[in-house]
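Novice: Have a look at this one.
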2 protein chains.
Amino acid sequence: MTEDLYPTRASGRPSLIDRADPVVYGTAADGPLTADDLARFDTAGFHAFDQLIEPGEVAAFHTELQRLREDPALKDDERTVFEPTSRHLRSVFEVHKVSEVFARLLHDPRVVGPARQILGSEVYIHQSRVNFKPGLAGNTFYWHSDFETWHAEDGMPRMRAVSLSIAITENLDSNGPLMIMPGSHRTFVTCPGETPENHYLSSLRSQEVGTPDPDSLRKLGDEHGIRQFTGAPGSATMFDCNSMHGSNSNITPFPRSNVFVVFNSVENTLVEPFGAASLRPPFIAAREFTPVR
Amino acid sequence: MTEDLYPTRASGRPSLIDRADPVVYGTAADGPLTADDLARFDTAGFHAFDQLIEPGEVAAFHTELQRLREDPALKDDERTVFEPTSRHLRSVFEVHKVSEVFARLLHDPRVVGPARQILGSEVYIHQSRVNFKPGLAGNTFYWHSDFETWHAEDGMPRMRAVSLSIAITENLDSNGPLMIMPGSHRTFVTCPGETPENHYLSSLRSQEVGTPDPDSLRKLGDEHGIRQFTGAPGSATMFDCNSMHGSNSNITPFPRSNVFVVFNSVENTLVEPFGAASLRPPFIAAREFTPVR
């Protein structure tokens with residue numbers, strides 16, 4: 001059985017555990033990120049790309065996003081998640097299988113290259129989705145470490161995965177952009193409470209179990225502060241799987257729509273869940289570990 | 001009977017009505033704002049004070065805020081409003097009567113002077129409150145024109161009132177600061193739908209009737225854009241009663257607490273409501289029109 005370095009979803013009080021894993025596994029020689037980029041990623045747990053995708057390319061992704069929003073077949077697809085208090089689309093999962101346009105994007109060397117470099121190995125897609133965060137109606141994504149959920153519910157053994165969020169619409173200070181606590185990726189916050197059966201059916205709309213307690217969040221917030229990630233369509237943020245992150249609501253009329261992909265190292269493939277009785281469906285946590293070529 | 005220039009809360013479709021009233025009633029000679037300040041207020045509908053209250057003074061207001069938060073008597077006071085989904089304090093109304101400390105602040109010449117100047121007359125306090133917007137739990141204030149509610153539910157005849165929001169804690173880009181659509185104060189958005197009996201009991205927690213429709217908000221948003229108001233404790237924003245404004249949620253651990261006061265011109269005192277069957281209580285809409293001295 002795989003050793004559990006990050007116990008969570010148990011009884012008892014929350015606790016803060018120091019990260020036992022490296023953050024950056026590759027080197028500058030692997031490219032495309034520089035030694036400085038990698039050093040900053042190591043410290044802060046993220047890298048912001050002012051323009052990962054050219055403005056001329058983004059229009060096609062925006063059109064594809066609209067197509068997905070209006071696709072009647074997706075309304076009844078289990079991979080589609082709605083906002084907790086309305087019939088607005090919140091997310092479509094496994095977007096690299098739902099959409100050829102997004103599949104090409106998520107296999108693009110500009111997208112995969114930095115992930116491969118940071119993780120120091122071949123990588124595969126653990127999860128992908130678009131988050132619509134519609135105008136006038138987008139709800140919060142409360143603070144969480146992705147790794148906490150992937151470890152507990154999907155059986156991801158170690159911290160060796162990164163997420164990339166690419167802006168399809170402009171991410172403003174006011175429309176609920178991504179927030180990260182820089183440096184928080186070095187601390188694992190255990191989340192007491194047993195994982196409910198079929199937890200993903202509610203947690204993808206509004207998460208409760210698997211979210212950190214207020215005292216831990218205040219402690220991390222005081223220590224690290226918060227950075228908001230704004231940028232034009234085509235800007236992007238790659239961040240460590242254990243970064244404490246979330247986003248506020250979006251009451252502005254301007255949707256904040258992003259495409260989101262998680263790359264896991266092929267040397268860190270999933271085992272049995274560390275804190276749940278059963279597996280989540282593969283459209284949320286892939287169990288095919290084919291490297292992205 | 002007073003003529004109703006701004007009909008709302010009726011049946012039919014929403015409509016946009018041009019403002020029939022001036023924005024700035026006084027002149028630079030009245031001080032403290034300059035001619036440029038007044039011209040910008042006329043155009044944008046707000047004035048931002050980088051530091052209305054000195055840092056040395058703010059600590060006392062912060063202490064008073066904590067005292068109010070913990071005052072057991074206020075828990076059962078009708079002037080206290082809780083967040084819609086938790087027992088966190090959202091607002092305490094009539095704070096100039098609840099608290100001597102805030103009463104002094106809201107009578108301070110730095111606070112009242114600009115209101116008197118913009119409105120070109122003596123002014124009285126129509127409403128005052130503290131908004132706590134607690135960390136990790138603060139909910140949105142959806143888009144609204146204050147005037148729409150004050151006209152419909154309180155009988156404020158014309159647009160001749162200003163609000164002032166003073167930061168007690170730091171207002172960050174990320175903790176749900178005030179947003180205004182600059183220039184929106186020149187358009188009145190009618191809000192169809194009959195005002196429910198005792199509407200304030202729910203609307204102060206989460207408003208539905210009296211909020212603009214999505215199409216009008218998208219139109220105003222495209223035309224005017226959005227400005228977020230951030231600043232240190234002691235910074236403040238004065239804005240026109242018809243400015244379209246709101247604020248997002250606050251999932252950060254940092255409370256965004258402000259004191260808020262509305263000055264109405266003594267030449268614009270309340271009559272019968274234009275769109276409601278009964279009056280709101282005086283702690284929400286004062287019916288004593290004694291000028292602030």
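For the structure tokens, the naming scheme is as follows: chains receive sequential letters (A, B, ...) according to their order of presentation, residues are indexed from 1 within each chain, and ligands are indexed from 1 in presentation order.
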At a cut-off of 10 Å, using only C-alpha atoms, what residues contact Leu172 in chain B? Leave out same-chain residues fewer than 6 positions from it and give the result as a VMD selection string.
Specialist: (chain A and resid 173 226) or (chain B and resid 178 228 to 232 252 254 to 256)
Novice: For those residues, write all heavy atoms to a file as a compact mmCIF listing (two decimals), in the first residue's frame.
Specialist:
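The resulting part.txt:
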# COMPACT_ATOMS: atom_id res chain seq x y z
N ASP A 173 -10.27 42.63 -12.37
CA ASP A 173 -10.27 42.64 -10.91
C ASP A 173 -11.66 42.42 -10.36
O ASP A 173 -11.83 41.98 -9.23
CB ASP A 173 -9.79 44.01 -10.43
CG ASP A 173 -8.31 44.01 -10.12
OD1 ASP A 173 -7.80 42.96 -9.71
OD2 ASP A 173 -7.68 45.06 -10.29
N ILE A 226 -2.71 37.62 -0.63
CA ILE A 226 -3.48 37.10 -1.75
C ILE A 226 -3.05 37.81 -3.02
O ILE A 226 -2.86 39.01 -3.03
CB ILE A 226 -4.99 37.35 -1.50
CG1 ILE A 226 -5.50 36.44 -0.39
CG2 ILE A 226 -5.80 37.14 -2.79
CD1 ILE A 226 -6.89 36.76 0.08
N LEU B 178 -16.52 48.23 -3.20
CA LEU B 178 -17.58 48.93 -3.94
C LEU B 178 -17.23 49.00 -5.42
O LEU B 178 -16.10 49.31 -5.79
CB LEU B 178 -17.70 50.36 -3.37
CG LEU B 178 -18.64 51.33 -4.10
CD1 LEU B 178 -20.09 50.87 -3.97
CD2 LEU B 178 -18.47 52.74 -3.55
N GLN B 228 -13.75 49.82 -9.65
CA GLN B 228 -13.70 49.29 -8.28
C GLN B 228 -12.97 50.29 -7.41
O GLN B 228 -11.94 50.83 -7.80
CB GLN B 228 -12.92 47.96 -8.24
CG GLN B 228 -13.70 46.77 -8.70
CD GLN B 228 -13.31 45.45 -8.03
OE1 GLN B 228 -14.16 44.66 -7.70
NE2 GLN B 228 -12.03 45.20 -7.81
N PHE B 229 -13.46 50.47 -6.17
CA PHE B 229 -12.88 51.45 -5.26
C PHE B 229 -12.10 50.74 -4.16
O PHE B 229 -12.69 50.09 -3.30
CB PHE B 229 -13.97 52.34 -4.66
CG PHE B 229 -14.62 53.20 -5.71
CD1 PHE B 229 -15.65 52.70 -6.49
CD2 PHE B 229 -14.14 54.47 -5.97
CE1 PHE B 229 -16.22 53.47 -7.49
CE2 PHE B 229 -14.71 55.25 -6.97
CZ PHE B 229 -15.75 54.75 -7.73
N THR B 230 -10.79 50.85 -4.25
CA THR B 230 -9.94 50.24 -3.23
C THR B 230 -9.26 51.36 -2.45
O THR B 230 -9.16 52.48 -2.93
CB THR B 230 -8.87 49.36 -3.88
OG1 THR B 230 -8.13 50.15 -4.83
CG2 THR B 230 -9.51 48.20 -4.64
N GLY B 231 -8.81 51.03 -1.26
CA GLY B 231 -8.13 52.05 -0.49
C GLY B 231 -7.86 51.62 0.93
O GLY B 231 -8.45 50.66 1.43
N ALA B 232 -6.96 52.37 1.56
CA ALA B 232 -6.59 52.11 2.94
C ALA B 232 -7.74 52.49 3.87
O ALA B 232 -8.65 53.21 3.47
CB ALA B 232 -5.35 52.93 3.29
N THR B 252 -12.10 36.15 0.85
CA THR B 252 -10.78 36.32 1.47
C THR B 252 -10.94 36.28 2.99
O THR B 252 -12.04 36.47 3.51
CB THR B 252 -10.12 37.66 1.11
OG1 THR B 252 -10.68 38.71 1.91
CG2 THR B 252 -10.26 37.99 -0.36
N PHE B 254 -10.00 38.51 4.86
CA PHE B 254 -9.87 39.89 5.31
C PHE B 254 -11.22 40.60 5.22
O PHE B 254 -11.74 40.81 4.13
CB PHE B 254 -8.85 40.63 4.45
CG PHE B 254 -7.57 39.86 4.25
CD1 PHE B 254 -7.11 39.52 2.98
CD2 PHE B 254 -6.83 39.44 5.35
CE1 PHE B 254 -5.94 38.80 2.82
CE2 PHE B 254 -5.65 38.72 5.20
CZ PHE B 254 -5.20 38.38 3.91
N PRO B 255 -11.81 40.97 6.37
CA PRO B 255 -13.11 41.64 6.33
C PRO B 255 -13.01 42.96 5.56
O PRO B 255 -11.98 43.62 5.57
CB PRO B 255 -13.44 41.89 7.80
CG PRO B 255 -12.20 41.67 8.57
CD PRO B 255 -11.31 40.80 7.75
N ARG B 256 -14.08 43.29 4.89
CA ARG B 256 -14.15 44.59 4.20
C ARG B 256 -15.26 45.36 4.89
O ARG B 256 -16.42 45.27 4.52
CB ARG B 256 -14.46 44.41 2.72
CG ARG B 256 -14.23 45.69 1.92
CD ARG B 256 -15.40 46.07 1.02
NE ARG B 256 -16.64 46.29 1.74
CZ ARG B 256 -17.75 46.76 1.18
NH1 ARG B 256 -17.77 47.05 -0.08
NH2 ARG B 256 -18.85 46.94 1.90
Novice: What are the closest atom pairs, with distances in Å to one decimal, for each residue of chain A lying within 7 Å of chain B, using only C-alpha atoms, rows by chain and rising residue number, as a Markdown table?
Specialist:
| residue | atom | partner | partner_atom | distance |
| --- | --- | --- | --- | --- |
| A:Tyr142 | CA | B:Ile251 | CA | 6.6 |
| A:Asp173 | CA | B:Asp173 | CA | 6.1 |
| A:Ser174 | CA | B:Gln228 | CA | 6.9 |
| A:Leu217 | CA | B:Pro253 | CA | 6.6 |
| A:Arg218 | CA | B:Pro253 | CA | 5.3 |
| A:Gly221 | CA | B:Pro253 | CA | 6.3 |
| A:Gln228 | CA | B:Ser174 | CA | 6.9 |
| A:Asn248 | CA | B:Ser249 | CA | 5.7 |
| A:Ser249 | CA | B:Ser249 | CA | 5.6 |
| A:Asn250 | CA | B:Asn248 | CA | 6.4 |
| A:Ile251 | CA | B:Asn248 | CA | 6.2 |
| A:Pro253 | CA | B:Arg218 | CA | 5.3 |
Novice: Those residues you just picked out, can you put them in a file as an mmCIF file, in the first residue's frame with N, CA, C and O atoms?
Specialist:
data_model
loop_
_atom_site.group_PDB
_atom_site.id
_atom_site.type_symbol
_atom_site.label_atom_id
_atom_site.label_comp_id
_atom_site.auth_asym_id
_atom_site.auth_seq_id
_atom_site.Cartn_x
_atom_site.Cartn_y
_atom_site.Cartn_z
ATOM 1 N N TYR A 142 -14.924 28.504 -3.516
ATOM 2 C CA TYR A 142 -14.333 28.748 -2.195
ATOM 3 C C TYR A 142 -12.886 28.248 -2.156
ATOM 4 O O TYR A 142 -12.475 27.428 -2.982
ATOM 5 N N ASP A 173 -10.272 42.632 -12.374
ATOM 6 C CA ASP A 173 -10.271 42.643 -10.913
ATOM 7 C C ASP A 173 -11.663 42.416 -10.362
ATOM 8 O O ASP A 173 -11.825 41.976 -9.225
ATOM 9 N N SER A 174 -12.679 42.736 -11.169
ATOM 10 C CA SER A 174 -14.041 42.778 -10.657
ATOM 11 C C SER A 174 -14.910 41.582 -11.055
ATOM 12 O O SER A 174 -16.028 41.467 -10.565
ATOM 13 N N LEU A 217 -7.249 29.185 7.194
ATOM 14 C CA LEU A 217 -7.273 30.164 6.099
ATOM 15 C C LEU A 217 -6.797 31.529 6.569
ATOM 16 O O LEU A 217 -6.064 32.222 5.857
ATOM 17 N N ARG A 218 -7.205 31.910 7.794
ATOM 18 C CA ARG A 218 -6.740 33.206 8.308
ATOM 19 C C ARG A 218 -5.234 33.194 8.513
ATOM 20 O O ARG A 218 -4.543 34.161 8.199
ATOM 21 N N GLY A 221 -3.628 33.280 5.110
ATOM 22 C CA GLY A 221 -3.862 34.601 4.520
ATOM 23 C C GLY A 221 -2.948 35.656 5.135
ATOM 24 O O GLY A 221 -2.376 36.493 4.433
ATOM 25 N N GLN A 228 -4.376 38.374 -6.960
ATOM 26 C CA GLN A 228 -5.438 38.168 -7.960
ATOM 27 C C GLN A 228 -4.792 38.166 -9.333
ATOM 28 O O GLN A 228 -3.943 38.994 -9.627
ATOM 29 N N ASN A 248 -13.877 34.850 -6.163
ATOM 30 C CA ASN A 248 -15.119 35.459 -5.700
ATOM 31 C C ASN A 248 -16.209 35.340 -6.758
ATOM 32 O O ASN A 248 -15.977 34.862 -7.871
ATOM 33 N N SER A 249 -17.382 35.811 -6.386
ATOM 34 C CA SER A 249 -18.528 35.813 -7.289
ATOM 35 C C SER A 249 -18.300 36.780 -8.452
ATOM 36 O O SER A 249 -17.334 37.545 -8.450
ATOM 37 N N ASN A 250 -19.174 36.734 -9.416
ATOM 38 C CA ASN A 250 -19.116 37.663 -10.542
ATOM 39 C C ASN A 250 -20.484 38.282 -10.784
ATOM 40 O O ASN A 250 -21.299 37.739 -11.523
ATOM 41 N N ILE A 251 -20.720 39.449 -10.140
ATOM 42 C CA ILE A 251 -21.983 40.146 -10.417
ATOM 43 C C ILE A 251 -21.836 41.107 -11.602
ATOM 44 O O ILE A 251 -22.820 41.667 -12.048
ATOM 45 N N PRO A 253 -21.544 42.395 -15.488
ATOM 46 C CA PRO A 253 -22.170 41.813 -16.682
ATOM 47 C C PRO A 253 -21.164 41.070 -17.561
ATOM 48 O O PRO A 253 -21.555 40.540 -18.597
#
Novice: Would you give me, as a Markdown table, each residue of range 154-175 of chain A having an atom within 10 Å of an atom of range 89-112 of chain A, along with its shortest atom pair and that distance in Å to one decimal, using only C-alpha atoms and sorting by chain and residue number?
Specialist:
| residue | atom | partner | partner_atom | distance |
| --- | --- | --- | --- | --- |
| A:Leu164 | CA | A:Val111 | CA | 7.9 |
| A:Ser165 | CA | A:Val111 | CA | 10.0 |
| A:Ile166 | CA | A:Val111 | CA | 9.3 |
Novice: Just N, CA, C and O atoms for this one: save the residues we selected as a CSV table (one decimal), in the first residue's frame.
Specialist:
chain,number,residue,atom,x,y,z
A,164,LEU,N,-3.3,24.6,-15.2
A,164,LEU,CA,-3.2,25.8,-16.0
A,164,LEU,C,-4.6,26.4,-16.3
A,164,LEU,O,-5.4,25.6,-16.8
A,165,SER,N,-4.7,27.6,-16.0
A,165,SER,CA,-6.0,28.3,-16.3
A,165,SER,C,-5.7,29.4,-17.4
A,165,SER,O,-4.9,30.3,-17.2
A,166,ILE,N,-6.4,29.2,-18.5
A,166,ILE,CA,-6.2,30.2,-19.6
A,166,ILE,C,-7.5,31.0,-19.8
A,166,ILE,O,-8.6,30.5,-19.9
Novice: Go through B:Thr290, B:Thr195, B:Thr190, B:Thr169 and flag the residue nearest Pro55 in chain B, using only C-alpha atoms for the distances.
Specialist: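 Comparing B:Thr290, B:Thr195, B:Thr190, B:Thr169 against Pro55 in chain B, the winner is B:Thr169.
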Novice: Residues at most 7 Å from Ala285 in chain A, counting only C-alpha atoms, excluding those fewer than 3 positions away in the same chain, as JSON, numbers by chain?
Specialist: {"A": [126, 127, 154, 280, 281, 282]}
